[in-house]
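input_6.csv (CSV, C-alpha atoms) appears below.
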chain,number,residue,atom,x,y,z
A,25,MET,CA,-25.7,-43.5,-76.2
A,26,LYS,CA,-24.9,-45.5,-73.2
A,27,VAL,CA,-25.8,-49.1,-72.5
A,28,VAL,CA,-26.1,-49.9,-68.8
A,29,GLU,CA,-26.4,-53.5,-67.6
A,30,TRP,CA,-29.2,-54.0,-65.1
A,31,GLY,CA,-30.3,-57.3,-63.6
A,32,GLU,CA,-29.2,-60.9,-64.0
A,33,TYR,CA,-31.7,-63.7,-64.4
A,34,ILE,CA,-31.0,-67.4,-64.0
A,35,ALA,CA,-33.4,-70.2,-64.9
A,36,TYR,CA,-32.2,-73.7,-63.8
A,37,GLY,CA,-32.8,-77.0,-65.5
A,38,ASP,CA,-31.3,-80.4,-65.1
A,39,GLU,CA,-29.5,-80.3,-68.4
A,40,GLU,CA,-29.4,-76.6,-69.2
A,41,VAL,CA,-29.2,-73.3,-67.5
A,42,ARG,CA,-30.5,-70.1,-69.0
A,43,VAL,CA,-28.9,-66.8,-68.0
A,44,GLY,CA,-30.4,-63.5,-68.9
A,45,ARG,CA,-29.1,-59.9,-68.6
A,46,SER,CA,-31.4,-56.9,-68.8
A,47,PHE,CA,-30.1,-53.6,-69.9
A,48,ARG,CA,-31.1,-49.9,-70.3
A,49,VAL,CA,-30.1,-47.5,-73.1
A,50,PHE,CA,-29.6,-43.9,-72.2
A,51,ASP,CA,-29.0,-41.0,-74.6
A,52,ASP,CA,-26.3,-38.5,-74.1
A,53,GLU,CA,-28.5,-36.4,-71.9
A,54,GLY,CA,-29.3,-39.3,-69.6
A,55,ASN,CA,-32.8,-40.0,-70.9
A,56,LEU,CA,-33.9,-43.5,-71.0
A,57,VAL,CA,-34.6,-44.4,-74.7
A,58,SER,CA,-34.7,-48.2,-74.7
A,59,ALA,CA,-34.5,-51.3,-72.6
A,60,GLY,CA,-34.1,-55.0,-73.4
A,61,ILE,CA,-33.0,-58.4,-72.1
A,62,GLU,CA,-30.7,-60.9,-73.7
A,63,TRP,CA,-30.5,-64.6,-72.9
A,64,GLU,CA,-27.9,-67.3,-73.2
A,65,ALA,CA,-28.5,-71.0,-72.7
A,66,GLU,CA,-25.7,-73.4,-71.6
A,67,PRO,CA,-25.8,-77.1,-71.3
A,68,VAL,CA,-24.9,-78.6,-67.9
A,69,LYS,CA,-22.4,-81.4,-68.4
A,70,PRO,CA,-22.9,-84.6,-66.5
A,71,GLY,CA,-21.6,-84.3,-62.9
A,72,GLU,CA,-21.0,-80.6,-63.4
A,73,LYS,CA,-22.2,-77.9,-60.9
A,74,HIS,CA,-24.8,-75.6,-62.3
A,75,GLU,CA,-22.8,-72.6,-61.4
A,76,ASP,CA,-20.0,-73.6,-63.8
A,77,ALA,CA,-22.5,-73.6,-66.7
A,78,VAL,CA,-23.9,-70.3,-65.5
A,79,GLU,CA,-20.4,-68.8,-65.6
A,80,ARG,CA,-19.9,-69.9,-69.2
A,81,ALA,CA,-23.3,-68.4,-70.1
A,82,ARG,CA,-22.3,-65.2,-68.4
A,83,LYS,CA,-19.2,-64.9,-70.5
A,84,ARG,CA,-21.1,-65.2,-73.7
A,85,LEU,CA,-23.7,-62.8,-72.4
A,86,ARG,CA,-21.0,-60.2,-71.7
A,87,GLU,CA,-19.8,-60.5,-75.2
A,88,LYS,CA,-23.3,-60.2,-76.6
A,89,ILE,CA,-24.0,-57.1,-74.5
A,90,GLU,CA,-20.6,-55.6,-75.5
A,91,LYS,CA,-21.7,-55.9,-79.2
A,92,ILE,CA,-24.9,-54.1,-78.4
A,93,ARG,CA,-23.0,-51.5,-76.6
A,94,GLU,CA,-20.6,-51.0,-79.6
A,95,ARG,CA,-23.6,-50.8,-81.9
A,96,TYR,CA,-25.2,-48.0,-79.9
A,97,ARG,CA,-21.9,-46.3,-79.5
A,98,ALA,CA,-21.6,-46.2,-83.2
A,99,GLY,CA,-25.0,-44.5,-83.4
A,100,GLY,CA,-26.8,-47.5,-84.8
A,101,ALA,CA,-29.8,-49.4,-83.5
A,102,ARG,CA,-29.9,-52.5,-81.4
A,103,PRO,CA,-28.4,-55.4,-83.3
B,11,MET,CA,-47.3,5.5,-46.1
B,12,ALA,CA,-45.1,6.9,-48.8
B,13,THR,CA,-45.5,5.7,-52.4
B,14,THR,CA,-43.6,6.7,-55.4
B,15,ALA,CA,-43.9,6.2,-59.1
B,16,GLN,CA,-40.2,7.0,-59.6
B,17,ASP,CA,-37.5,4.5,-60.2
B,18,ALA,CA,-36.0,3.5,-56.9
B,19,PRO,CA,-32.3,3.9,-56.6
B,20,ASP,CA,-30.1,0.8,-56.5
B,21,TYR,CA,-29.7,-0.6,-53.1
B,22,THR,CA,-27.3,-3.0,-51.5
B,23,LEU,CA,-28.9,-4.7,-48.5
B,24,LEU,CA,-26.6,-5.1,-45.7
B,25,SER,CA,-29.1,-6.4,-43.1
B,26,ASP,CA,-32.1,-8.7,-42.9
B,27,VAL,CA,-35.4,-7.4,-44.4
B,28,ASN,CA,-38.5,-8.3,-42.4
B,29,VAL,CA,-41.8,-7.5,-43.9
B,30,VAL,CA,-44.5,-7.4,-41.2
B,31,GLY,CA,-48.1,-6.6,-41.1
B,32,SER,CA,-50.6,-6.9,-43.9
B,33,VAL,CA,-48.6,-6.1,-46.9
B,34,THR,CA,-49.2,-6.8,-50.5
B,35,ILE,CA,-46.1,-7.1,-52.5
B,36,ASP,CA,-46.4,-7.0,-56.3
B,37,VAL,CA,-43.2,-7.4,-58.0
B,38,LYS,CA,-43.0,-7.2,-61.7
B,39,VAL,CA,-39.6,-8.0,-63.2
B,40,VAL,CA,-38.9,-6.7,-66.7
B,41,GLY,CA,-35.2,-7.5,-66.7
B,42,THR,CA,-33.3,-10.5,-65.6
B,43,VAL,CA,-33.4,-11.9,-62.1
B,44,ASN,CA,-30.5,-13.9,-60.9
B,45,VAL,CA,-30.9,-15.7,-57.6
B,46,ASN,CA,-27.9,-17.4,-56.3
B,47,ILE,CA,-28.4,-19.5,-53.2
B,48,GLN,CA,-25.7,-21.7,-52.2
B,49,ASN,CA,-25.6,-24.1,-49.3
B,50,GLN,CA,-28.5,-22.4,-47.7
B,51,PRO,CA,-31.9,-23.9,-47.0
B,52,VAL,CA,-34.8,-22.3,-48.8
B,53,LYS,CA,-38.2,-22.8,-47.3
B,54,VAL,CA,-41.4,-21.7,-48.9
B,55,LEU,CA,-44.6,-22.2,-47.0
B,56,VAL,CA,-47.8,-21.9,-48.9
B,57,GLN,CA,-51.0,-22.5,-46.9
B,58,ASN,CA,-54.7,-22.1,-47.5
B,59,THR,CA,-54.2,-20.5,-50.9
B,60,THR,CA,-53.9,-21.2,-54.5
B,61,LEU,CA,-50.5,-21.6,-55.9
B,62,ASN,CA,-50.1,-21.1,-59.6
B,63,VAL,CA,-46.8,-22.1,-61.1
B,64,ASP,CA,-46.2,-21.5,-64.7
B,65,ALA,CA,-42.7,-22.4,-65.4
B,66,VAL,CA,-40.7,-23.6,-68.3
B,67,ILE,CA,-37.6,-25.4,-67.4
B,68,VAL,CA,-35.2,-26.2,-70.2
B,69,ASP,CA,-31.6,-27.3,-70.5
B,70,SER,CA,-31.6,-28.4,-67.0
B,71,ARG,CA,-31.7,-31.5,-64.9
B,72,LEU,CA,-34.1,-31.0,-62.1
B,73,ASP,CA,-34.5,-33.2,-59.0
B,74,ILE,CA,-37.7,-32.4,-57.1
B,75,LYS,CA,-38.8,-34.0,-53.9
B,76,VAL,CA,-42.4,-33.2,-53.3
B,77,VAL,CA,-44.8,-34.4,-50.6
B,78,ILE,CA,-48.4,-33.9,-51.6
B,79,THR,CA,-51.1,-34.6,-49.1
B,80,ASP,CA,-54.8,-33.6,-48.7
B,81,CYS,CA,-55.3,-32.2,-52.1
B,82,VAL,CA,-56.1,-33.1,-55.6
B,83,VAL,CA,-53.3,-33.3,-58.1
B,84,ASP,CA,-53.9,-32.9,-61.8
B,85,LEU,CA,-50.6,-33.5,-63.4
B,86,LYS,CA,-50.1,-33.5,-67.2
B,87,ILE,CA,-46.8,-34.1,-68.8
B,88,TYR,CA,-46.5,-33.5,-72.5
B,89,THR,CA,-43.4,-34.8,-74.1
B,90,PRO,CA,-43.5,-34.0,-77.8
B,91,ALA,CA,-39.9,-35.2,-78.0
B,92,GLY,CA,-41.2,-38.7,-77.4
B,93,LYS,CA,-39.0,-39.2,-74.4
B,94,TRP,CA,-40.1,-41.6,-71.8
B,95,ILE,CA,-42.1,-40.3,-68.8
B,96,ILE,CA,-40.8,-42.2,-65.9
B,97,ALA,CA,-42.8,-42.7,-62.7
B,98,PRO,CA,-42.1,-45.7,-60.5
B,99,GLU,CA,-42.8,-47.8,-63.5
B,100,LEU,CA,-42.1,-51.5,-64.0
B,101,LEU,CA,-40.6,-52.9,-67.1
B,102,THR,CA,-41.9,-56.4,-67.4
B,103,THR,CA,-39.3,-59.1,-67.8
B,104,TYR,CA,-39.5,-62.9,-67.6
B,105,ALA,CA,-37.6,-66.1,-67.0
B,106,VAL,CA,-38.5,-69.7,-68.0
B,107,ASN,CA,-36.7,-72.6,-66.5
B,108,PRO,CA,-36.1,-75.9,-68.4
B,109,TYR,CA,-37.2,-79.1,-66.6
B,110,ARG,CA,-35.5,-79.4,-63.3
B,111,SER,CA,-35.5,-82.4,-60.9
B,112,VAL,CA,-35.9,-81.9,-57.2
B,113,ARG,CA,-34.8,-84.9,-55.2
B,114,PRO,CA,-36.6,-86.0,-52.1
B,115,GLY,CA,-36.1,-83.8,-49.1
B,116,THR,CA,-34.3,-81.1,-51.0
B,117,GLU,CA,-34.9,-77.6,-52.2
B,118,GLU,CA,-33.7,-76.3,-55.6
B,119,SER,CA,-33.6,-73.0,-57.2
B,120,ILE,CA,-35.8,-72.7,-60.2
B,121,ILE,CA,-35.6,-69.0,-61.1
B,122,SER,CA,-33.5,-66.3,-59.6
B,123,TYR,CA,-32.9,-62.6,-60.2
B,124,SER,CA,-30.3,-60.2,-58.8
B,125,GLY,CA,-29.7,-56.6,-59.6
B,126,PHE,CA,-31.9,-53.6,-58.6
B,127,LYS,CA,-35.3,-53.0,-57.1
B,128,GLY,CA,-38.2,-54.8,-58.7
B,129,ARG,CA,-41.2,-57.1,-58.3
B,130,LEU,CA,-41.9,-60.7,-58.8
B,131,LYS,CA,-45.3,-60.4,-60.4
B,132,GLN,CA,-46.5,-63.9,-61.2
B,133,ILE,CA,-45.3,-67.4,-61.5
B,134,GLY,CA,-47.0,-70.3,-63.2
B,135,GLY,CA,-45.9,-73.8,-64.0
B,136,GLU,CA,-46.3,-77.5,-63.8
B,137,LEU,CA,-45.1,-80.0,-61.2
B,138,VAL,CA,-44.8,-83.7,-62.1
B,139,THR,CA,-43.9,-86.9,-60.3
B,140,ALA,CA,-40.8,-88.1,-62.0
B,141,GLY,CA,-41.2,-91.7,-60.9
B,142,ASN,CA,-43.7,-93.3,-58.5
B,143,PRO,CA,-46.8,-91.3,-57.7
B,144,PHE,CA,-46.6,-89.3,-54.5
B,145,SER,CA,-48.5,-86.5,-53.0
B,146,ILE,CA,-47.6,-83.4,-55.0
B,147,TYR,CA,-50.7,-81.8,-53.5
B,148,GLY,CA,-49.4,-81.9,-49.9
B,149,ASN,CA,-45.7,-82.5,-50.0
B,150,VAL,CA,-44.3,-79.8,-52.4
B,151,GLU,CA,-43.8,-76.2,-51.4
B,152,ILE,CA,-43.3,-73.2,-53.7
B,153,ARG,CA,-40.9,-70.9,-51.8
B,154,ILE,CA,-40.2,-67.3,-52.6
B,155,TYR,CA,-37.0,-65.7,-51.2
B,156,VAL,CA,-37.0,-61.9,-51.2
B,157,ASP,CA,-33.6,-60.3,-50.7
B,158,GLY,CA,-32.2,-63.5,-49.4
B,159,LEU,CA,-35.0,-64.2,-46.9
B,160,MET,CA,-37.9,-66.6,-47.3
B,161,ALA,CA,-41.0,-64.5,-47.7
B,162,MET,CA,-43.5,-67.2,-48.8
B,163,SER,CA,-43.8,-70.9,-48.7
B,164,LEU,CA,-47.0,-72.3,-50.2
B,165,LYS,CA,-48.0,-75.9,-50.8
B,166,ILE,CA,-50.2,-76.8,-53.7
B,167,ASP,CA,-53.2,-77.4,-51.4
B,168,GLU,CA,-52.7,-73.9,-50.0
B,169,ILE,CA,-52.7,-72.4,-53.5
B,170,ASP,CA,-55.9,-74.5,-54.1
B,171,PHE,CA,-57.4,-72.9,-50.9
B,172,LEU,CA,-57.0,-69.5,-52.6
B,173,ASN,CA,-59.4,-70.7,-55.3
B,174,GLY,CA,-61.9,-72.1,-52.9
B,175,ARG,CA,-60.4,-75.6,-52.9
B,176,ALA,CA,-61.9,-76.5,-56.2
B,177,THR,CA,-59.2,-79.0,-57.2
B,178,TYR,CA,-59.5,-81.0,-54.0
B,179,TRP,CA,-63.2,-81.5,-54.3
B,180,LEU,CA,-63.2,-82.3,-58.0
B,181,TRP,CA,-60.4,-84.8,-57.3
B,182,THR,CA,-62.3,-86.3,-54.4
B,183,ALA,CA,-65.5,-86.5,-56.4
B,184,LEU,CA,-63.7,-88.2,-59.3
B,185,VAL,CA,-62.2,-90.8,-57.0
B,186,SER,CA,-65.5,-91.4,-55.3
B,187,CYS,CA,-67.3,-91.8,-58.7
B,188,LEU,CA,-64.7,-94.2,-60.0
B,189,ASN,CA,-64.8,-96.3,-56.9
B,190,ASN,CA,-68.6,-96.5,-57.0
B,191,ASN,CA,-69.0,-97.0,-60.7
B,192,LEU,CA,-70.7,-93.7,-61.1
B,193,THR,CA,-70.4,-91.3,-64.0
B,194,PRO,CA,-67.3,-89.1,-63.5
B,195,PRO,CA,-68.0,-85.5,-62.7
B,196,PHE,CA,-67.8,-82.7,-65.2
B,197,ASN,CA,-64.3,-81.5,-66.4
B,198,CYS,CA,-62.8,-85.0,-65.9
B,199,VAL,CA,-61.5,-87.1,-68.7
B,200,LYS,CA,-59.5,-90.4,-68.8
B,201,TYR,CA,-56.0,-89.4,-69.8
B,202,THR,CA,-54.2,-92.8,-70.0
B,203,THR,CA,-55.4,-96.4,-69.5
B,204,SER,CA,-52.2,-98.0,-68.4
B,205,PRO,CA,-51.6,-96.8,-65.8
B,206,GLU,CA,-55.1,-95.4,-65.6
B,207,ARG,CA,-54.9,-91.7,-65.1
B,208,TRP,CA,-57.5,-89.0,-65.3
B,209,LEU,CA,-57.1,-85.3,-66.2
B,210,ILE,CA,-59.3,-83.0,-64.0
B,211,MET,CA,-59.8,-79.4,-64.9
B,212,PRO,CA,-61.3,-77.5,-62.0
B,213,PHE,CA,-63.1,-74.2,-62.4
B,214,PHE,CA,-60.8,-71.4,-61.3
B,215,SER,CA,-62.0,-67.8,-61.0
B,216,ASN,CA,-59.4,-66.2,-58.7
B,217,PRO,CA,-57.2,-64.1,-60.9
B,218,ALA,CA,-54.5,-64.2,-58.2
B,219,ALA,CA,-54.0,-68.0,-57.7
B,220,ALA,CA,-55.3,-71.3,-58.8
B,221,VAL,CA,-54.6,-74.9,-59.5
B,222,THR,CA,-55.5,-75.1,-63.1
B,223,MET,CA,-55.3,-78.9,-63.8
B,224,ALA,CA,-54.2,-82.1,-62.2
B,225,VAL,CA,-53.7,-85.7,-63.2
B,226,VAL,CA,-55.1,-88.3,-60.9
B,227,ASP,CA,-53.5,-91.7,-60.7
B,228,ARG,CA,-56.3,-94.2,-60.3
B,229,SER,CA,-54.4,-96.9,-58.5
B,230,THR,CA,-53.1,-94.7,-55.7
B,231,GLY,CA,-55.7,-91.9,-55.9
B,232,LEU,CA,-52.8,-89.4,-55.9
B,233,LEU,CA,-52.2,-86.3,-58.1
B,234,VAL,CA,-49.2,-87.0,-60.2
B,235,ARG,CA,-49.2,-83.8,-62.3
B,236,VAL,CA,-50.4,-80.4,-61.3
B,237,GLY,CA,-50.6,-77.1,-63.1
B,238,PHE,CA,-50.8,-73.8,-61.1
B,239,TYR,CA,-50.4,-70.1,-61.2
B,240,LEU,CA,-49.8,-67.6,-58.5
B,241,LYS,CA,-49.8,-63.8,-58.6
B,242,VAL,CA,-47.0,-63.1,-56.1
B,243,ASP,CA,-46.5,-59.3,-56.3
B,244,ALA,CA,-43.4,-59.5,-54.1
B,245,GLU,CA,-41.3,-56.4,-54.0
B,246,PHE,CA,-37.6,-56.8,-53.6
B,247,GLN,CA,-34.6,-54.5,-53.3
B,248,ASN,CA,-32.0,-56.4,-55.2
B,249,SER,CA,-32.8,-60.1,-55.4
B,250,VAL,CA,-35.6,-62.6,-55.6
B,251,GLU,CA,-35.6,-66.3,-56.0
B,252,VAL,CA,-38.2,-69.0,-56.6
B,253,ARG,CA,-37.3,-72.3,-55.1
B,254,VAL,CA,-39.2,-75.6,-54.9
B,255,TYR,CA,-39.0,-77.9,-51.9
B,256,ASN,CA,-39.8,-81.5,-52.3
B,257,GLY,CA,-41.0,-82.8,-48.9
B,258,ASP,CA,-41.5,-86.3,-50.1
B,259,SER,CA,-39.1,-88.8,-48.5
B,260,SER,CA,-38.3,-91.0,-51.5
B,261,ASN,CA,-39.5,-89.6,-54.8
B,262,THR,CA,-38.2,-87.1,-57.2
B,263,LEU,CA,-40.2,-84.1,-58.5
B,264,GLY,CA,-40.0,-82.4,-61.9
B,265,VAL,CA,-40.6,-78.7,-62.1
B,266,MET,CA,-41.3,-76.4,-65.1
B,267,MET,CA,-42.0,-72.8,-64.5
B,268,THR,CA,-42.3,-69.3,-65.9
B,269,GLY,CA,-41.8,-66.2,-63.9
B,270,LEU,CA,-43.0,-62.7,-64.8
B,271,LEU,CA,-41.0,-60.0,-63.1
B,272,GLY,CA,-40.8,-56.3,-63.2
B,273,GLU,CA,-37.8,-54.0,-63.0
B,274,TYR,CA,-38.2,-50.5,-61.8
B,275,VAL,CA,-36.6,-48.1,-64.2
B,276,TRP,CA,-34.3,-46.5,-61.7
B,277,PRO,CA,-32.4,-48.2,-58.9
B,278,THR,CA,-33.1,-47.0,-55.4
B,279,GLY,CA,-29.8,-47.6,-53.9
Written as C-alpha cells, that's how I'd like the structure from this file.
Amino acid sequence: MKVVEWGEYIAYGDEEVRVGRSFRVFDDEGNLVSAGIEWEAEPVKPGEKHEDAVERARKRLREKIEKIRERYRAGGARP
Amino acid sequence: MATTAQDAPDYTLLSDVNVVGSVTIDVKVVGTVNVNIQNQPVKVLVQNTTLNVDAVIVDSRLDIKVVITDCVVDLKIYTPAGKWIIAPELLTTYAVNPYRSVRPGTEESIISYSGFKGRLKQIGGELVTAGNPFSIYGNVEIRIYVDGLMAMSLKIDEIDFLNGRATYWLWTALVSCLNNNLTPPFNCVKYTTSPERWLIMPFFSNPAAAVTMAVVDRSTGLLVRVGFYLKVDAEFQNSVEVRVYNGDSSNTLGVMMTGLLGEYVWPTG
C-alpha cells in the first residue's frame, strides 16, 4: 500500500486557520483503493500572520499523514 | 491460383510483403504467436466495417489512447475484484472557513486549494456587516481565482440577477410597505426590534445561484446580512482560490463560507 498526498486546502478565519490535505491510497499494483482528507485547525495569535499559523498546521498534518502511511504500510486500515 | 492443404514450410521473410487485390486472409493460430514491435509505429485503419475485439488482458498495465467519433459506444466494464473504475471522475472534497473579517477596500482569501487538476463545484455562505450597516448588496464581490488568475467576480446583486432579482424586489417591497404602514409582504418577518431589522426569505428556484435570505435594517433600508449560494463549476489545473472583496470605504465585512470542490483522480501534468 502506498499513500500519496494530493491537494492542500486552506480555510481562513480571523482567529483560526484550517489546513486540509487530501490523499490517495494505492495498492501494490497501482490500483486506487481509497482516498481521504485530513484537517488540522490552528489558532492565529494576535498580530500574527495567517501563514505562520498555516505552517504550524501543516507540520501537524504531515505527522498525521505519516501515521496513516505507516498504518497502511503495516497492512492495516486507515487509523 | 495455387492452394494447398499441406503444412507450409517455415519461412524467414527478408523483404516486405505486399498483399494487393481482393484477398481474403483467414489466419487461424493454434500455437503461440509472439509479436515484438519495438520503436516502430503500428497503424491499423478500420473503416466501414465491424470490428469485433474479444480480448482478455491480464497481468498487464495498459495505456490506451482512443479517439472515438461518429459512432455509438457501448462500453461495459466488469470488475469483480471490486477495484475502482476510473474515468475522469471527481472525488468530492470541501473546505469551511471560520468567520473572517474583510476590512474596507481590501480583498481577503477565504478558501484556497493547491495541488492537482480539479473543479470548484459550489460555494455557499453568509456575509454580514460587522459594524455599521452598509450596502453588502452592491459593495461586496465574490472573486474566484483559477490557477492564479481572476476568473469571476460577482457582486451579491449580480448573484441575485441569476435568480431573477427576487431578493431586490422583496426587499424593495418590504421597505415600501413599512414606510407606508402596509402589511409586510410574504416571507418577511421582524427579526429584531432594536435596531429594527427584518428577515426576508425570497423564493429561489435557480439551482445554480441564489440569494437565499437577507436581513434589512429598517433605519437605513440596507441589507446587513445576506445568505447566498453559487454553483461555480470552475475547472482548474492546480489551484483555485475564493476571495472576497469589500468595496465599502469605511466598514468591515464578516464572511463565513463553505466550498465544495472536486479532485480528479489522476493528475494531468
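Every chain A residue lying within 7 Å of chain B, based on only C-alpha atoms, is listed here: Trp30, Gly31, Glu32, Tyr33, Ile34, Ala35, Tyr36, Gly37, Asp38, Glu40, Leu56 and Val57 of chain A.
Nearest to Ile61 in chain A of all the residues A:Val78, A:Val41, A:Ile89, A:Ala98 is A:Ile89, counting all atoms listed in the file.
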Nearest residue to Lys88 in chain A out of A:Lys69, A:Phe47, A:Glu39, A:Asp52, using all atoms listed in the file?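 Answer, going by the shortest atom-to-atom distance: A:Phe47.
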Work out how far CA of Gly134 in chain B is from CA of Trp63 in chain A, in Å to one decimal. 20.0 Å
If you count all atoms listed in the file, which residues fall within 9 Å of Arg93 in chain A, apart from same-chain ones fewer than 6 positions away, as a PyMOL selection string? chain A and resi 25-28+49+102
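CA of Asn62 in chain B sits 17.0 Å away from CA of Thr34 in chain B.
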Quote the spacing between CA of Ala176 in chain B and CA of Asn216 in chain B in Å to one decimal place.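 Separating CA of Ala176 in chain B from CA of Asn216 in chain B is a distance of 10.9 Å.
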Close residues, Leu180 in chain B itself excluded, 9 Å, only C-alpha atoms, min 3 positions apart in chain, as an NGL selection string: :B and (175-177 or 183-185 or 195-198 or 210-212)
Counting only C-alpha atoms, what is within 9 Å of Asp243 in chain B, bar same-chain residues fewer than 6 positions away, as a compact mmCIF listing (two decimals) with C-alpha atoms, in the frame of the given file?
# COMPACT_ATOMS: atom_id res chain seq x y z
CA ARG B 129 -41.20 -57.10 -58.30
CA LEU B 130 -41.90 -60.70 -58.80
CA LYS B 131 -45.30 -60.40 -60.40
CA GLN B 132 -46.50 -63.90 -61.20
CA LEU B 271 -41.00 -60.00 -63.10
Distance query Glu29 in chain A at most 8 Å, all atoms listed in the file, self and fewer than 6 positions along chain excluded, as a count of residues only: 4
Name the closest residue to Val43 in chain A among the candidates A:Arg80, A:His74, A:Glu94, A:Ala65; distances are taken between atoms, counting all atoms listed in the file. A:Ala65
Answer as JSON, numbers by chain, residues within 7 Å of (-23.3, -73.9, -72.0) using only C-alpha atoms: {"A": [65, 66, 67, 68, 77, 80, 81]}
So which residues touch Thr139 in chain B within 10 Å, counting all atoms listed in the file, skipping near sequence neighbours fewer than 2 positions away, as a list of chain:residue names?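 Near Thr139 in chain B, the qualifying residues are B:Ser111, B:Val112, B:Leu137, B:Gly141, B:Asn142, B:Pro143, B:Phe144, B:Ser145, B:Ile146, B:Leu233, B:Val234, B:Arg235, B:Val236, B:Asn261, B:Thr262, B:Leu263, B:Gly264, B:Val265.
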Dump as an mmCIF file, keeping the file's coordinate frame, selection limited to C-alpha atoms:
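Here's the written file again.cif:
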data_model
loop_
_atom_site.group_PDB
_atom_site.id
_atom_site.type_symbol
_atom_site.label_atom_id
_atom_site.label_comp_id
_atom_site.auth_asym_id
_atom_site.auth_seq_id
_atom_site.Cartn_x
_atom_site.Cartn_y
_atom_site.Cartn_z
ATOM 1 C CA SER B 111 -35.500 -82.400 -60.900
ATOM 2 C CA VAL B 112 -35.900 -81.900 -57.200
ATOM 3 C CA LEU B 137 -45.100 -80.000 -61.200
ATOM 4 C CA GLY B 141 -41.200 -91.700 -60.900
ATOM 5 C CA ASN B 142 -43.700 -93.300 -58.500
ATOM 6 C CA PRO B 143 -46.800 -91.300 -57.700
ATOM 7 C CA PHE B 144 -46.600 -89.300 -54.500
ATOM 8 C CA SER B 145 -48.500 -86.500 -53.000
ATOM 9 C CA ILE B 146 -47.600 -83.400 -55.000
ATOM 10 C CA LEU B 233 -52.200 -86.300 -58.100
ATOM 11 C CA VAL B 234 -49.200 -87.000 -60.200
ATOM 12 C CA ARG B 235 -49.200 -83.800 -62.300
ATOM 13 C CA VAL B 236 -50.400 -80.400 -61.300
ATOM 14 C CA ASN B 261 -39.500 -89.600 -54.800
ATOM 15 C CA THR B 262 -38.200 -87.100 -57.200
ATOM 16 C CA LEU B 263 -40.200 -84.100 -58.500
ATOM 17 C CA GLY B 264 -40.000 -82.400 -61.900
ATOM 18 C CA VAL B 265 -40.600 -78.700 -62.100
#
